[in-house]
Every structure is written in C-alpha cells, then in structure tokens.
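Novice: Before we start, here is the structure in question, set down as structure tokens.
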Amino acid sequence: MKTTREFEHLPFNAFWEKGYKDGNVSTMGGPNHDIVELADALPPGARVLDLGCGEGRNAFFLAGRGCQVTAVDRSAAGIEKLSALARRTGVPLKAVVADIAHLELHDTWDVIMAHGVIDYLDNATWRGLLERLKEHTVPGGFNAYTCMLFTDEYPAGPEFLAAGFKHSLGQGELAAFYGDWEKVRHDRYVKWDQHPGIPLHCHPVDKLVVRKPGGSGPGPRLTPVPVGKVDLPRPVFDSLAMGLTADEVLARCGEPAVVDTFTLEGVQLGVGPTDSLTVDGYRLSLWYYGRAVLYVINGRVWGRALYDSRPVRMAFG
C-alpha cells in the first residue's frame, strides 16, 4: 500500500506528475463528458479559461473545436506536454504555468472550468478565486467544476493527501456559493479509475455547471437518463477491472439499460496503458445499469461510478 512518503520525489508530491513527465502516456484520459455536452452550446471562437488544466484533456478538446483557450496549471511538465501536443497537431491554444490561487484576471470568458483542482485550495482561497471568476465571466457564460468530497466511507487515499488535498468543501457548498446563478447541472457520484503509476482508486465527486444571468443565447435543457431500476450487484460492480473489453463486460453484466455515446473525431488524448498519448478518434460510451455507470472508452472500461444524483443529459437550443 502506498504512503504519502512515496510521492516526495515528485513536484508538489503529486501523483499526477509521473504521468505528466511521460510523453508516451495520457494521465487523465480524454475530455469530461459534461464538457463535451457543454461544447454544443458554444459558438466557434468562444473564450475558455481552463484552471488546473493538467496536460489539457478538456482544453485541447475545446481548442480543437475552434474555441480560444487559455490553459493554466502550476505543473511545468503538464503545460509543456500540452504545448508540445498543440504544436504537433496545429491546434492553437495558450498554455501558462501559474498558481491559480494567485492568478490575475484581466479578460472576460465565455467558459471558466476547473476540474479536480479547487479541492487543493483552502476555503477562503477558493472562495476569493471564484468571486473573481464570477466577475470575469460574460453574461450568459458558464462556470464548470468537478470537485472531490471524500467521506468516512470513501476516504482520501495517500496519493491525494500527499498532494495537499484540503477537504475544504462540504456537500452542497459549491452549489450554494453559486445560488445567484442558474444551475445547469449538479451531479454527485463516486468514481473509480486509475492513472499511470497509481492503482485503482476512488473519489466521491461533486460536479457543477452553472450559468451567469443575463445571457441571450440558448438555455440548457436537461433530460433524465432512463437508466432502468436494476443496479449491478455490488460484488459484480467491484470486480470490474480497468481495461476489460466491452464483450467481457457484456458476458459478466448483461446488456445495460441505456448507452450514451460521444464520438469525437480527429486527434484526442488517449486513455489507459493500451493507448499512446493520443488516439485518432475517441469514443466514450456511458453504460447505465441503474445508477451504476461504466465508462467504456474505445471499447474498454476505464472508469466506473455509483451515482447518488439522477443521471441527466444536457442539451441546448
């Protein structure tokens, strides 16, 4: 079992740095499915700020769709990896090494996102940062967050503690902070996945997408996913290893109630040890067995989740 001391040789004691330093692997995989959905609401040229971008899975995707993206992370390795990928593929974006806790903002943005990063700031710091982000979001623009809310049932592993995880958000605290904005979606679930050098681990997730009042563009439309009533038995769910093929999952679990698929053309960041850093085409399918969800990417399982909230689809127009 890993301890916090095992990460002391890495910058920031952070487990993700091992993957960021390796130009042959994708540390976190391709874009989040909520960002893929949100992209349909954005016109070409939308201004996007990605805070704590890592090696750029969401930033690279949106830049490839014509958005003007500025990606910020304190990891020099992550930013160099993203910059090199952008140069190699001809995808224009701006990548900046900076600590978001002290970031100066001068522009306004159509989308500001921060995935798995404000959890590493103390409560007063993330509140001050998000107040500034609110001010620098255009009317009708979006803020999108994925945060981790570890619990006694699902505690933070040593890899998170070594990297300075603060436990600075409570359940519903971020949604309450944006109580004066339109809540587009609010997802709550526990997800299991793995990264280079890190075995399977879990993180309870609080995911929020909100919209600033005053915009004139199309509003969001949410529809519940008809997930079915029968969840996977917990022993079966727990036995599903990362990298299983779709056929292997079907043999163990049967047909899912619903499959939602997002197909991304062109170069995208890959996922898992079977891929290199990038792949030509990225197919993400969410297999729903009740509130148990499998993330099947390019034909293999690379994540699984148990939802507390009702899974929804997000569309615009």
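Chains: A, B, ... in order of the structure tokens. Residues: from 1 per chain. Ligands: from 1, in order shown.
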Between range 87-184 of chain A and range 78-83 of chain A, at 12 Å or less, what are the per-residue closest atom pairs and their distances in Å? Count only C-alpha atoms, order by chain and rising residue number, and return it as a tab-separated table.
Specialist:
```
residue	atom	partner	partner_atom	distance
A:Arg87	CA	A:Ser83	CA	6.2
A:Arg88	CA	A:Ser83	CA	8.6
A:Thr89	CA	A:Ser83	CA	10.0
A:Gly90	CA	A:Ser83	CA	10.3
A:Val91	CA	A:Ser83	CA	9.5
A:Pro92	CA	A:Ser83	CA	9.3
A:Leu93	CA	A:Ser83	CA	8.0
A:Lys94	CA	A:Ser83	CA	7.9
A:Ala95	CA	A:Ile79	CA	6.0
A:Val96	CA	A:Ile79	CA	6.6
A:Val97	CA	A:Ile79	CA	6.4
A:Ala98	CA	A:Ile79	CA	9.7
```
Novice: Counting only C-alpha atoms, which residues of range 192-258 of chain A sit at most 9 Å from some atom of range 266-287 of chain A, and what is each one's closest atom pair with its distance in Å to one decimal, listed by chain and rising residue number, as a tab-separated table?
Specialist:
```
residue	atom	partner	partner_atom	distance
A:Gln194	CA	A:Gly272	CA	8.2
A:His195	CA	A:Gly272	CA	7.4
A:Pro196	CA	A:Pro273	CA	7.8
A:Val227	CA	A:Trp287	CA	8.9
A:Met242	CA	A:Gly272	CA	8.3
A:Gly243	CA	A:Gly272	CA	7.4
A:Glu255	CA	A:Trp287	CA	8.8
A:Pro256	CA	A:Trp287	CA	5.8
A:Ala257	CA	A:Trp287	CA	7.6
A:Val258	CA	A:Trp287	CA	6.1
```
Novice: Restricting the output to N, CA, C and O atoms, write the selected residues as a PDB file, in the first residue's frame.
Specialist:
```pdb
ATOM      1  N   GLN A 194      -8.025   4.742 -12.635  1.00  0.00           N
ATOM      2  CA  GLN A 194      -6.610   4.619 -12.298  1.00  0.00           C
ATOM      3  C   GLN A 194      -5.781   5.446 -13.276  1.00  0.00           C
ATOM      4  O   GLN A 194      -6.266   5.845 -14.340  1.00  0.00           O
ATOM      5  N   HIS A 195      -4.549   5.703 -12.873  1.00  0.00           N
ATOM      6  CA  HIS A 195      -3.643   6.556 -13.643  1.00  0.00           C
ATOM      7  C   HIS A 195      -2.257   5.909 -13.658  1.00  0.00           C
ATOM      8  O   HIS A 195      -1.978   5.015 -12.847  1.00  0.00           O
ATOM      9  N   PRO A 196      -1.367   6.363 -14.558  1.00  0.00           N
ATOM     10  CA  PRO A 196      -0.026   5.768 -14.615  1.00  0.00           C
ATOM     11  C   PRO A 196       0.670   5.792 -13.255  1.00  0.00           C
ATOM     12  O   PRO A 196       0.798   6.835 -12.628  1.00  0.00           O
ATOM     13  N   VAL A 227     -32.322   5.181 -16.845  1.00  0.00           N
ATOM     14  CA  VAL A 227     -31.243   4.256 -16.519  1.00  0.00           C
ATOM     15  C   VAL A 227     -31.721   2.852 -16.165  1.00  0.00           C
ATOM     16  O   VAL A 227     -30.915   1.922 -16.056  1.00  0.00           O
ATOM     17  N   MET A 242     -10.200  -2.212 -14.636  1.00  0.00           N
ATOM     18  CA  MET A 242      -9.947  -1.299 -15.744  1.00  0.00           C
ATOM     19  C   MET A 242      -9.291  -2.061 -16.894  1.00  0.00           C
ATOM     20  O   MET A 242      -8.406  -2.902 -16.681  1.00  0.00           O
ATOM     21  N   GLY A 243      -9.728  -1.777 -18.106  1.00  0.00           N
ATOM     22  CA  GLY A 243      -9.168  -2.419 -19.282  1.00  0.00           C
ATOM     23  C   GLY A 243      -9.998  -3.566 -19.819  1.00  0.00           C
ATOM     24  O   GLY A 243      -9.691  -4.104 -20.891  1.00  0.00           O
ATOM     25  N   GLU A 255     -26.729  -6.812 -20.881  1.00  0.00           N
ATOM     26  CA  GLU A 255     -26.905  -5.552 -21.594  1.00  0.00           C
ATOM     27  C   GLU A 255     -27.254  -4.428 -20.618  1.00  0.00           C
ATOM     28  O   GLU A 255     -28.078  -4.607 -19.718  1.00  0.00           O
ATOM     29  N   PRO A 256     -26.658  -3.252 -20.779  1.00  0.00           N
ATOM     30  CA  PRO A 256     -27.052  -2.112 -19.948  1.00  0.00           C
ATOM     31  C   PRO A 256     -28.430  -1.608 -20.335  1.00  0.00           C
ATOM     32  O   PRO A 256     -28.914  -1.858 -21.446  1.00  0.00           O
ATOM     33  N   ALA A 257     -29.066  -0.889 -19.420  1.00  0.00           N
ATOM     34  CA  ALA A 257     -30.380  -0.317 -19.707  1.00  0.00           C
ATOM     35  C   ALA A 257     -30.287   0.748 -20.784  1.00  0.00           C
ATOM     36  O   ALA A 257     -31.164   0.868 -21.646  1.00  0.00           O
ATOM     37  N   VAL A 258     -29.225   1.529 -20.746  1.00  0.00           N
ATOM     38  CA  VAL A 258     -29.028   2.646 -21.675  1.00  0.00           C
ATOM     39  C   VAL A 258     -27.549   2.759 -21.984  1.00  0.00           C
ATOM     40  O   VAL A 258     -26.706   2.512 -21.116  1.00  0.00           O
TER      41      VAL A 258
END
```
Novice: Just list as a PyMOL selection string whatever in range 104-259 of chain A DSSP marks as alpha helix (DSSP H).
Specialist: chain A and resi 123-135+158-162+173-177+234-239+246-253
Novice: Excluding Pro220 in chain A and any residue of its chain fewer than 2 positions from it, enumerate the residues within 7 Å of it, using only C-alpha atoms, and give them as a VMD selection string.
Specialist: chain A and resid 184 218 222 314 to 316
Novice: Measure the distance from CA of Pro11 in chain A to CA of Gly164 in chain A in Å and round it to one decimal.
Specialist: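 Between CA of Pro11 in chain A and CA of Gly164 in chain A the gap works out to 11.8 Å.
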Novice: In Å, with one decimal, what is the gap from CA of Val138 in chain A to CA of Trp109 in chain A?
Specialist: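 Between CA of Val138 in chain A and CA of Trp109 in chain A the gap works out to 5.8 Å.
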Novice: Can you list, as a PyMOL selection string, every protein, DNA or RNA residue that comes within 6 Å of Arg211 in chain A when you count only C-alpha atoms, leaving out same-chain residues fewer than 4 positions away?
Specialist: chain A and resi 140-142+181-182
Novice: Rank nothing, just name the residue among A:Pro204, A:Gly228, A:Pro235, A:Gly64 nearest to Tyr307 in chain A, using only C-alpha atoms.
Specialist: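 Ranked by minimum distance to Tyr307 in chain A, first place goes to A:Pro204.
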Novice: Could you check which of A:Leu85, A:Ala59, A:Ile100, A:Leu169 is closest to Asp73 in chain A, using only C-alpha atoms?
Specialist: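 Of all the options, A:Ile100 lies closest to Asp73 in chain A.
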Novice: Could you please write out, as a ChimeraX atom specification, every residue of range 57-253 of chain A that DSSP assigns to strand (DSSP E or B)?
Specialist: /A:68-73,94-97,109-115,137-148,182-195,198-211,220-224,245
Novice: As an exercise, work out the distance from CA of Glu131 in chain A to CA of Ile35 in chain A in Å and give it to one decimal place.
Specialist: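 Result for CA of Glu131 in chain A versus CA of Ile35 in chain A: 21.9 Å, one decimal.
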Novice: With distances taken over only C-alpha atoms, which of A:Arg313, A:His9, A:Arg65, A:His136 is nearest to His33 in chain A?
Specialist: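 Closest residue, counting only C-alpha atoms: A:Arg313.
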Novice: Between A:Val210, A:Gly54, A:Arg74, A:Gly30, which one has atoms that come closest to Val111 in chain A, using only C-alpha atoms?
Specialist: A:Val210
Novice: Find the residues near Tyr154 in chain A: any atom within 9 Å, counting only C-alpha atoms, skip ones fewer than 4 places away on the same chain, and give them as a list in words.
Specialist: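 Selected residues are Leu149, Phe150, Val190, Cys202, His203 and Pro204 of chain A.
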Novice: What's around range 165-168 of chain A at 10 Å? Count only C-alpha atoms, leave out sequence neighbours fewer than 6 positions away in its own chain, and write the answer as a list in words.
Specialist: Val117, Ile118, Asp119, Tyr120, Leu121, Asp122, Asn123, Ala124, Thr125, Trp126, Met148, Leu149, Phe150, Thr151, Ala156, Gly157, Pro158 and Glu159 of chain A
Novice: Kindly save the residues from that selection, with N, CA and C atoms included, as an mmCIF file, in the first residue's frame.
Specialist:
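Printed below is again-v1.cif as written:
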```cif
data_model
loop_
_atom_site.group_PDB
_atom_site.id
_atom_site.type_symbol
_atom_site.label_atom_id
_atom_site.label_comp_id
_atom_site.auth_asym_id
_atom_site.auth_seq_id
_atom_site.Cartn_x
_atom_site.Cartn_y
_atom_site.Cartn_z
ATOM 1 N N VAL A 117 -9.362 20.584 -8.940
ATOM 2 C CA VAL A 117 -8.259 21.455 -8.548
ATOM 3 C C VAL A 117 -8.590 22.363 -7.367
ATOM 4 N N ILE A 118 -9.808 22.926 -7.274
ATOM 5 C CA ILE A 118 -10.065 23.855 -6.173
ATOM 6 C C ILE A 118 -10.088 23.128 -4.832
ATOM 7 N N ASP A 119 -10.190 21.780 -4.882
ATOM 8 C CA ASP A 119 -10.115 20.978 -3.659
ATOM 9 C C ASP A 119 -8.770 21.108 -2.960
ATOM 10 N N TYR A 120 -7.753 21.565 -3.679
ATOM 11 C CA TYR A 120 -6.409 21.700 -3.122
ATOM 12 C C TYR A 120 -6.150 23.121 -2.609
ATOM 13 N N LEU A 121 -7.184 23.948 -2.580
ATOM 14 C CA LEU A 121 -7.100 25.291 -2.003
ATOM 15 C C LEU A 121 -7.892 25.315 -0.707
ATOM 16 N N ASP A 122 -7.456 26.141 0.245
ATOM 17 C CA ASP A 122 -8.253 26.253 1.459
ATOM 18 C C ASP A 122 -9.540 27.024 1.157
ATOM 19 N N ASN A 123 -10.470 26.994 2.095
ATOM 20 C CA ASN A 123 -11.810 27.517 1.839
ATOM 21 C C ASN A 123 -11.795 28.999 1.480
ATOM 22 N N ALA A 124 -11.064 29.792 2.233
ATOM 23 C CA ALA A 124 -11.032 31.232 1.951
ATOM 24 C C ALA A 124 -10.403 31.515 0.595
ATOM 25 N N THR A 125 -9.381 30.735 0.212
ATOM 26 C CA THR A 125 -8.693 30.972 -1.056
ATOM 27 C C THR A 125 -9.586 30.633 -2.236
ATOM 28 N N TRP A 126 -10.275 29.472 -2.199
ATOM 29 C CA TRP A 126 -11.112 29.144 -3.352
ATOM 30 C C TRP A 126 -12.310 30.079 -3.442
ATOM 31 N N MET A 148 -13.858 16.923 -5.456
ATOM 32 C CA MET A 148 -13.861 15.665 -4.725
ATOM 33 C C MET A 148 -14.224 15.926 -3.266
ATOM 34 N N LEU A 149 -15.209 15.190 -2.769
ATOM 35 C CA LEU A 149 -15.677 15.347 -1.401
ATOM 36 C C LEU A 149 -15.523 14.010 -0.677
ATOM 37 N N PHE A 150 -14.326 13.756 -0.192
ATOM 38 C CA PHE A 150 -14.058 12.484 0.458
ATOM 39 C C PHE A 150 -14.843 12.367 1.772
ATOM 40 N N THR A 151 -15.201 11.139 2.110
ATOM 41 C CA THR A 151 -16.036 10.865 3.275
ATOM 42 C C THR A 151 -15.392 9.754 4.110
ATOM 43 N N ALA A 156 -9.940 9.899 1.492
ATOM 44 C CA ALA A 156 -8.867 10.272 0.572
ATOM 45 C C ALA A 156 -7.692 9.323 0.729
ATOM 46 N N GLY A 157 -7.197 8.804 -0.383
ATOM 47 C CA GLY A 157 -6.036 7.931 -0.349
ATOM 48 C C GLY A 157 -4.756 8.719 -0.159
ATOM 49 N N PRO A 158 -3.644 8.025 0.105
ATOM 50 C CA PRO A 158 -2.379 8.717 0.361
ATOM 51 C C PRO A 158 -1.917 9.566 -0.816
ATOM 52 N N GLU A 159 -2.279 9.187 -2.052
ATOM 53 C CA GLU A 159 -1.863 9.985 -3.202
ATOM 54 C C GLU A 159 -2.495 11.374 -3.173
#
```
